[in-house]
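Remarks on the structure that follows.
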Amino acid sequence: MGGKEEEFIRKAFSDNWVVPLGPDVDAFELALENFLLDNPENSVTQDSYFRLTRDKDKICRKKISALSSGTAAIHLALVELGIRASDEVIVQNLTFSASANPVTYQGATPVFVDSENSTWNIDPSLLEEAISDRLKKTGKLPKAIIPVHLFGMPAQMDAIMEIASKWQIPVVEDAAEAFGSRYKGQMCGTFGRFGVLSFNGNKMITTSGGGALVCPDSGIKRDVIKYATQSRESVPWYEHQNIGYNYRLSNISAAIGRGQMFVAEEYIAHHRWVQSCYREAFSTIPQIRLHENPSQDYDSNFWLSTITFEEGAKVKGNDGCGNPEAMRRRLDMEGIETRHIWKPMHLQPVFKDCPAYTTGVAEKIFESGLCIPAGPWVGEKEIFRIITAIKQNLG
Ligand SMILES: *Cc1c(COP(=O)(O)O)cnc(C)c1O
């Protein structure tokens, strides 16, 4: 917490706004819109400046709806797109299961597409292949594409949007991990027809639990809010024409979110600073590669810093469990928590029958990768301790 959160919560309590709507929800949505959609820094480089003047009108027309979670945001995007049973939705293979689960809530089938090596995100050329193959095999086009900005690293949005518009397939951009990341100067979450944000406890900013949906315009935002509040029609009695959900963000959570927006820039800067410390340290350790922005077009928030062990790297205590697991166990004994990379969806028992277009890239990243500490408590001293421990555990 940054400091102002408690102030906002106290105000919400004293005003008795303890419901899933209220002034803090409105103010939080406005703060998010200012941050994502109306940010003068959107034009940092010449290139992106031209890009943005082209798209600026569209970006400014977007509206953000605060919801109870990022998962709820993905679900409502799919509801808005009319995804139904017998439909297929393309989902990035290397991701957290929350990207794919809502597809099944609609009775539809996720089709997994593997990642590219540079960003770890959906491979545009494989995406194109998968779309034409689905058309050939099922006679139908997938109804949506869900790319993910994994660990904050932007996906190749230009190529993805080009393919999507060529086939006229809407994009639901999962930016749950990429709050404040930019691709060619433009904020992640603002490219697709819908953009998804998460404020779960482990994300860049948090409302303890929560999320938001970036909607294409105010009309669709209104519709999303209706679905999120049990699809109640705007008449004085309780009237329902559709099945609804209870997905609105609580006013108390939104009060926390308002406070977090005061420190969001600072948090993002911290994560980028942590990454820069790792960059310097790992430059002298040839057995490990730090996952980095592939070029100037990418500006990750480095929500999590991630590493992969190079071919031939030897971690002490690797009894066949693999380098990441061996290192995780060793560091854990020293009180340093690390985590595995997301296990690809095509390897998850629950999704084993779903179509998958794989190249082995996601699997290789999973088998050789590790997330290392990057949170607000990771300072210079901690980074030194982490690096030293990693070095000592290399054979
Ligand atoms: C966290 C996360 C989500 C879901 O967000 P919640 O707010 O936890 O429901 C979706 N996709 C990805 C990639 C995530 O990391």
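Convention: chains lettered A, B, ... in structure tokens order; per-chain residue numbering from 1; ligands numbered from 1 as shown.
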When the cut-off is 9 Å and you count only C-alpha atoms and all ligand atoms, which residues lie near ligand 1, shown as number ranges by chain? A: 67-74, 95-100, 148-151, 174-178, 196-203, 209-212
Residues of segment 38-247 of chain A in helix (DSSP H, G or I) according to DSSP, as an NGL selection string? :A and (40-42 or 46-61 or 70-80 or 97-99 or 101-105 or 124-138 or 150-152 or 157-167 or 218-228)
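Neighbouring residues of segment 355-372 of chain A at 6 Å or closer, counting only C-alpha atoms and skipping chain neighbours under 2 positions away, are Leu94, Val111, Phe112, Val113, Asp114, Ser115, Ser305, Thr306, Ile307, Thr308, Phe309, Pro324, Thr338, Arg339, His340, Ile341 and Lys343 of chain A.
Atom CA of Phe302 of chain A is positioned 11.9 Å from atom CA of Arg279 of chain A.
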As a VMD selection string, please: every residue in segment 53-226 of chain A that a backbone DSSP assignment puts in strand (DSSP E or B). chain A and resid 63 to 67 88 to 92 109 to 113 115 122 144 to 146 148 171 to 174 182 to 183 186 to 187 194 to 198 211 to 215
So which residues touch segment 156-161 of chain A within 12 Å, counting only C-alpha atoms, skipping near sequence neighbours fewer than 4 positions away, as a PyMOL selection string? chain A and resi 48+51+90+92+115-128+131+144-150+165-175+182-193+293-295+297-299
Write out as number ranges by chain which residues come within 6 Å of segment 230-235 of chain A when counting only C-alpha atoms, dropping same-chain ones fewer than 3 positions away. A: 226-227, 239-240, 242, 244-246
Fewer than 5 positions away in the same chain doesn't count, so skip those; otherwise give me all residues within 7 Å of segment 216-223 of chain A, counting only C-alpha atoms, as a PyMOL selection string. chain A and resi 61-65+193-194
Can I get the selection written as an mmCIF file, in the first residue's frame, with C-alpha atoms?
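Result saved to selection31.cif:
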```cif
data_model
loop_
_atom_site.group_PDB
_atom_site.id
_atom_site.type_symbol
_atom_site.label_atom_id
_atom_site.label_comp_id
_atom_site.auth_asym_id
_atom_site.auth_seq_id
_atom_site.Cartn_x
_atom_site.Cartn_y
_atom_site.Cartn_z
ATOM 1 C CA ARG A 61 -13.511 7.027 -27.095
ATOM 2 C CA LYS A 62 -12.787 3.924 -25.018
ATOM 3 C CA LYS A 63 -14.276 3.620 -21.526
ATOM 4 C CA ILE A 64 -13.224 1.484 -18.575
ATOM 5 C CA SER A 65 -15.530 -0.545 -16.353
ATOM 6 C CA ARG A 193 -11.694 -4.489 -29.110
ATOM 7 C CA PHE A 194 -11.612 -5.215 -25.376
#
```
Shortest interatomic distance to Met261 of chain A - which of A:Ala27, A:Ala313, A:Cys60, A:Val19, counting only C-alpha atoms: A:Ala27
As a check of understanding: the span from atom CA of Phe282 of chain A to atom CA of Glu310 of chain A is 12.2 Å
